[in-house]
Structures are given as structure tokens and as C-alpha cells.
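Here's the structure we're looking at; comments come further down.
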Amino acid sequence: IKPAWLTGEARTALHDPVRVGFAGLINQRKRPLDVANAVHKASDKGPRRYVLHACGKGPLEEQFKALLREDDTYVGRVNGMDAMKEFYKDCDMLLVPSEAETFGMVYLEAMSQGVPVLYTRGQGFDGQFEEGEVGFSVICGNVKQQAQMLGEITVDYALRSACCIDRAKDYAWPIIAKKWMELYLN
């Protein structure tokens, strides 16, 4: 991640209602329809209320917008690092349960802003951190489990948010470049 991302601050409390972010292509692979359904299922089940705060564009945009409830927000495409930082300021957590993901920079960018993440189990980002440290893995396509994990990620929220800030620094490009150089030289 570019060092310019590493300016976020840890969160101390959740919004009311809790704001679940989604950032990515509005297509089948990123599963935004599942995200909307998981957020609504978690909100309907209680005890907390959850709303969706989403950005992106893609072929499922009309279907996605049709699922949104009154308090959900969809801002369309967001361009540039500063605009994405502003987007993340309005999120308490990020849920992107992609079918396939190589690494998933969106998770790291959210973490750099103190936003805990829910990422796809068994895909690129999974295994980078201990389960629960910066968030949790979720099963792609399992809306019920994703809704349940929205509740789990709220436990010890301030501690997890601070951990996100701290651990994102480990992925700053100068640090990663140095590791690659050392591997190359060895």
C-alpha cells in the first residue's frame, strides 16, 4: 500500500446504526447483492441496526440499487485515494465476499483507515492475519454466516480498529519492496 494511505485513525465507537461498507465492482464476482442481503438480515435479526454504505459501478448496478433500503447509501463510482478515504470515514466495517480474489487491496485500504474487514475465506487476503485480529473470513455465498459475522466484528471494536491501523503499516510499499529485495538478493 502507498504510504499516503497510512493516515487513518483508530475508531473508538460504532455509528448508530452500524455502517457496513462495500467497495468494488458491482458484478457477480464481488457479490454485492449478497452484501446487501447480509446487512439487511443482520439488521432485521437485531439487536443492532445495520445500514449499507456502498460505492462502485458495474453490470449488476440496477439489481443492487433495487435491494437498497431507505437508510442505505450508494454513492456510485469513487475515484482517487482522498475520495476513498472519505468513503471509509463513513464505514464502521467493510464486507466484500468476492468469489475470487488475488490479494484484495480494498481490505488493506479500509484497514489503513481503521475499518475492520470481512473477507472471503480461502482467497488471497485470508491467512494474512490471525482470524479476528483485523476482522474475519466469511464464506462466499453464505449470506446467513456473513450476517452473523457482522455482529462478531462489533465485539472489541475499538481494539480491532486500532489493530487494523497498526497492521496496515506492515504492508507499506517501502517495507514490502525491502522484503522482496532481500528475497531476491538471497
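Identifiers in the C-alpha cells: chain A, B, ... in order shown; residue index from 1 per chain; ligand index from 1 in order shown.
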Exercise for review: Write out as a PyMOL selection string which residues come within 6 Å of segment 42-50 of chain A when counting only C-alpha atoms, dropping same-chain ones fewer than 6 positions away.
Suggested key: chain A and resi 17-19+147
As a PDB file with C-alpha atoms, in the first residue's frame, please: the residues near segment 156-160 of chain A (cut-off 10 Å, only C-alpha atoms, same-chain neighbours under 4 positions excluded).
```pdb
ATOM      1  CA  ALA A  10      -8.472   4.117  15.028  1.00  0.00           C
ATOM      2  CA  ARG A  11     -12.204   4.186  15.701  1.00  0.00           C
ATOM      3  CA  THR A  12     -13.436   4.242  19.267  1.00  0.00           C
ATOM      4  CA  ALA A  13     -17.137   3.592  18.704  1.00  0.00           C
ATOM      5  CA  LEU A  14     -19.605   2.345  16.128  1.00  0.00           C
ATOM      6  CA  ASP A  92     -17.647   1.017  10.526  1.00  0.00           C
ATOM      7  CA  MET A  93     -16.591  -2.163   8.739  1.00  0.00           C
ATOM      8  CA  MET A 111      -7.747  -1.232   7.378  1.00  0.00           C
ATOM      9  CA  GLY A 114      -9.240   1.932  10.950  1.00  0.00           C
ATOM     10  CA  VAL A 115     -12.034  -0.074   9.298  1.00  0.00           C
ATOM     11  CA  PRO A 116     -12.171  -3.780  10.272  1.00  0.00           C
ATOM     12  CA  VAL A 117     -12.789  -6.139   7.372  1.00  0.00           C
ATOM     13  CA  GLY A 132     -10.347 -11.945  14.374  1.00  0.00           C
ATOM     14  CA  GLU A 133      -7.241  -9.749  14.509  1.00  0.00           C
ATOM     15  CA  VAL A 134      -8.328  -7.236  11.828  1.00  0.00           C
ATOM     16  CA  GLY A 135     -11.623  -8.908  11.002  1.00  0.00           C
ATOM     17  CA  GLU A 152     -18.985 -10.684  15.650  1.00  0.00           C
ATOM     18  CA  CYS A 164      -6.116  -2.504  11.638  1.00  0.00           C
ATOM     19  CA  ILE A 165      -4.185   0.773  11.675  1.00  0.00           C
ATOM     20  CA  ASP A 166      -1.105  -0.885  13.144  1.00  0.00           C
TER      21      ASP A 166
END
```
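Distance annotation: of A:Phe136, A:Arg69, A:Asp16, A:Pro174, the residue with the minimal separation from Lys41 of chain A is A:Arg69; atom set is only C-alpha atoms.
Relative to atom CA of Phe87 of chain A, atom CA of Glu9 of chain A is found at 14.0 Å.
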**Study point:** Lys65 of chain A environment, 12 Å, only C-alpha atoms, sequence neighbours closer than 4 positions dropped, as JSON, numbers by chain
**Key:** {"A": [26, 32, 33, 36, 37, 52, 53, 54, 55, 56, 57, 58, 59, 60, 61, 69, 70, 72, 73, 74, 75, 76]}
Practice item. Run DSSP on the backbone of this structure and report the residues of segment 70-102 of chain A it assigns to helix (DSSP H, G or I), as a VMD selection string. Key: chain A and resid 81 to 89
Excluding Val138 of chain A and residues on its chain fewer than 2 positions from it, collect all residues at most 8 Å away from it, counting only C-alpha atoms, and give them as a PDB file with C-alpha atoms, in the first residue's frame.
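The new file out.pdb reads:
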```pdb
ATOM      1  CA  PRO A  97     -17.201 -11.521  -0.015  1.00  0.00           C
ATOM      2  CA  LEU A 118     -14.803  -9.211   6.443  1.00  0.00           C
ATOM      3  CA  TYR A 119     -13.010 -11.001   3.615  1.00  0.00           C
ATOM      4  CA  THR A 120     -13.534 -14.199   1.637  1.00  0.00           C
ATOM      5  CA  ARG A 121     -12.416 -17.415   3.285  1.00  0.00           C
ATOM      6  CA  PHE A 136     -12.937 -12.293   9.951  1.00  0.00           C
ATOM      7  CA  CYS A 140     -18.650 -16.636  -0.222  1.00  0.00           C
ATOM      8  CA  ASN A 142     -23.353 -17.769   2.651  1.00  0.00           C
ATOM      9  CA  GLN A 145     -22.968 -16.549   8.001  1.00  0.00           C
ATOM     10  CA  GLN A 146     -21.965 -13.117   6.675  1.00  0.00           C
ATOM     11  CA  MET A 149     -20.118 -12.126  11.312  1.00  0.00           C
TER      12      MET A 149
END
```
Practice item. Can you check which residues of segment 77-155 of chain A DSSP gives as strand (DSSP E or B) on the backbone and send them as JSON, numbers by chain? Key: {"A": [93, 94, 95, 96, 117, 118, 119, 120, 135, 136, 137, 138]}
Quick one: write out the picked residues with N, CA and C atoms as a short mmCIF file (atom, residue, chain, number, x, y, z; two decimals), in the first residue's frame?
```cif
data_model
loop_
_atom_site.label_atom_id
_atom_site.label_comp_id
_atom_site.auth_asym_id
_atom_site.auth_seq_id
_atom_site.Cartn_x
_atom_site.Cartn_y
_atom_site.Cartn_z
N MET A 93 -17.22 -0.91 9.13
CA MET A 93 -16.59 -2.16 8.74
C MET A 93 -16.77 -2.31 7.24
N LEU A 94 -16.01 -3.23 6.65
CA LEU A 94 -16.09 -3.48 5.21
C LEU A 94 -16.41 -4.95 4.99
N LEU A 95 -17.38 -5.21 4.12
CA LEU A 95 -17.73 -6.59 3.74
C LEU A 95 -17.63 -6.69 2.22
N VAL A 96 -16.67 -7.48 1.75
CA VAL A 96 -16.52 -7.76 0.32
C VAL A 96 -16.26 -9.27 0.19
N VAL A 117 -12.37 -5.56 8.64
CA VAL A 117 -12.79 -6.14 7.37
C VAL A 117 -13.34 -7.56 7.51
N LEU A 118 -14.29 -7.86 6.63
CA LEU A 118 -14.80 -9.21 6.44
C LEU A 118 -14.43 -9.59 5.02
N TYR A 119 -13.62 -10.62 4.88
CA TYR A 119 -13.01 -11.00 3.62
C TYR A 119 -13.33 -12.46 3.31
N THR A 120 -13.14 -12.86 2.08
CA THR A 120 -13.53 -14.20 1.64
C THR A 120 -12.59 -15.28 2.16
N GLY A 135 -10.30 -8.57 11.50
CA GLY A 135 -11.62 -8.91 11.00
C GLY A 135 -11.75 -10.41 10.91
N PHE A 136 -12.66 -10.87 10.04
CA PHE A 136 -12.94 -12.29 9.95
C PHE A 136 -13.12 -12.71 8.50
N SER A 137 -12.83 -13.97 8.25
CA SER A 137 -13.13 -14.54 6.94
C SER A 137 -14.60 -14.95 6.91
N VAL A 138 -15.20 -14.84 5.74
CA VAL A 138 -16.60 -15.24 5.56
C VAL A 138 -16.68 -16.17 4.36
#
```
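In terms of minimum interatomic distance to Phe129 of chain A, A:Ala168 ranks closest within A:Leu185, A:Val20, A:Ala168, A:Ala4, counting only C-alpha atoms.
Distance annotation: of A:Met181, A:His40, A:Arg31, A:Ala172, the residue with the minimal separation from Trp5 of chain A is A:Ala172; atom set is only C-alpha atoms.
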Point to revise | Asp170 of chain A surroundings by only C-alpha atoms, 12 Å radius, close-in-sequence under 3 positions cut, as a PyMOL selection string | key: chain A and resi 1-3+6+108+111-112+128-129+163-167+173-179
Next, write the just-selected residues to a file, as a PDB file, in the first residue's frame, keeping C-alpha atoms as the atom set.
```
ATOM      1  CA  ILE A   1       0.000   0.000   0.000  1.00  0.00           C
ATOM      2  CA  LYS A   2       1.219   3.510  -0.709  1.00  0.00           C
ATOM      3  CA  PRO A   3       2.434   5.251   2.468  1.00  0.00           C
ATOM      4  CA  LEU A   6      -1.358   5.355   6.273  1.00  0.00           C
ATOM      5  CA  LEU A 108      -5.860  -3.180   3.210  1.00  0.00           C
ATOM      6  CA  MET A 111      -7.747  -1.232   7.378  1.00  0.00           C
ATOM      7  CA  SER A 112      -5.439   1.751   6.876  1.00  0.00           C
ATOM      8  CA  GLN A 128      -2.543 -12.773   6.125  1.00  0.00           C
ATOM      9  CA  PHE A 129      -3.669 -12.170   9.723  1.00  0.00           C
ATOM     10  CA  CYS A 163      -5.042  -3.232  15.228  1.00  0.00           C
ATOM     11  CA  CYS A 164      -6.116  -2.504  11.638  1.00  0.00           C
ATOM     12  CA  ILE A 165      -4.185   0.773  11.675  1.00  0.00           C
ATOM     13  CA  ASP A 166      -1.105  -0.885  13.144  1.00  0.00           C
ATOM     14  CA  ARG A 167      -1.081  -3.949  10.881  1.00  0.00           C
ATOM     15  CA  TRP A 173       5.204  -0.374  -0.118  1.00  0.00           C
ATOM     16  CA  PRO A 174       8.720   0.566   1.155  1.00  0.00           C
ATOM     17  CA  ILE A 175       8.597  -2.301   3.660  1.00  0.00           C
ATOM     18  CA  ILE A 176       7.300  -4.797   1.108  1.00  0.00           C
ATOM     19  CA  ALA A 177       9.842  -3.642  -1.503  1.00  0.00           C
ATOM     20  CA  LYS A 178      12.655  -4.153   1.017  1.00  0.00           C
ATOM     21  CA  LYS A 179      11.441  -7.699   1.765  1.00  0.00           C
TER      22      LYS A 179
END
```
I'd like the contact shell of Gly104 of chain A - 9 Å cut-off, only C-alpha atoms, skipping same-chain residues fewer than 6 positions apart - returned as a short mmCIF file (atom, residue, chain, number, x, y, z; two decimals) with all heavy atoms, in the first residue's frame.
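This went into selection.cif:
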```
data_model
loop_
_atom_site.label_atom_id
_atom_site.label_comp_id
_atom_site.auth_asym_id
_atom_site.auth_seq_id
_atom_site.Cartn_x
_atom_site.Cartn_y
_atom_site.Cartn_z
N TYR A 119 -13.62 -10.62 4.88
CA TYR A 119 -13.01 -11.00 3.62
C TYR A 119 -13.33 -12.46 3.31
O TYR A 119 -13.71 -13.23 4.20
CB TYR A 119 -11.50 -10.77 3.66
CG TYR A 119 -10.85 -11.31 4.92
CD1 TYR A 119 -10.40 -12.62 4.99
CD2 TYR A 119 -10.74 -10.51 6.05
CE1 TYR A 119 -9.85 -13.12 6.15
CE2 TYR A 119 -10.18 -11.01 7.22
CZ TYR A 119 -9.73 -12.31 7.26
OH TYR A 119 -9.19 -12.80 8.42
N GLN A 123 -9.47 -17.19 0.06
CA GLN A 123 -8.97 -16.37 -1.05
C GLN A 123 -7.74 -15.60 -0.60
O GLN A 123 -7.29 -15.73 0.52
CB GLN A 123 -10.08 -15.44 -1.55
CG GLN A 123 -11.24 -16.17 -2.18
CD GLN A 123 -10.83 -16.97 -3.41
OE1 GLN A 123 -10.12 -16.50 -4.28
NE2 GLN A 123 -11.27 -18.22 -3.47
N GLY A 124 -7.20 -14.77 -1.48
CA GLY A 124 -5.90 -14.13 -1.31
C GLY A 124 -5.64 -13.44 0.02
O GLY A 124 -4.55 -13.56 0.57
N PHE A 125 -6.60 -12.74 0.56
CA PHE A 125 -6.38 -12.00 1.80
C PHE A 125 -6.44 -12.91 3.02
O PHE A 125 -5.79 -12.63 4.03
CB PHE A 125 -7.43 -10.88 1.92
CG PHE A 125 -7.05 -9.81 2.89
CD1 PHE A 125 -6.14 -8.82 2.55
CD2 PHE A 125 -7.62 -9.77 4.15
CE1 PHE A 125 -5.79 -7.82 3.44
CE2 PHE A 125 -7.28 -8.78 5.06
CZ PHE A 125 -6.36 -7.80 4.70
#
```
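Of the listed residues (A:Gly80, A:Phe103, A:Lys169, A:Gly24), A:Phe103 comes nearest to Gly127 of chain A; the distances count only C-alpha atoms.
For the pair atom CA of Lys144 of chain A and atom CA of Val39 of chain A, the interatomic distance is 9.8 Å.
With distances restricted to only C-alpha atoms, A:Ala23 is the closest residue to Arg77 of chain A from A:Cys91, A:Leu150, A:Val143, A:Ala23.
Interatomic distance, atom CA of Asp82 of chain A to atom CA of Leu67 of chain A: 28.1 Å.
Among A:Ala162, A:Gly141, A:Asn186, A:Trp180, the residue with the shortest atom-to-atom distance to Arg29 of chain A, counting only C-alpha atoms, is A:Gly141.
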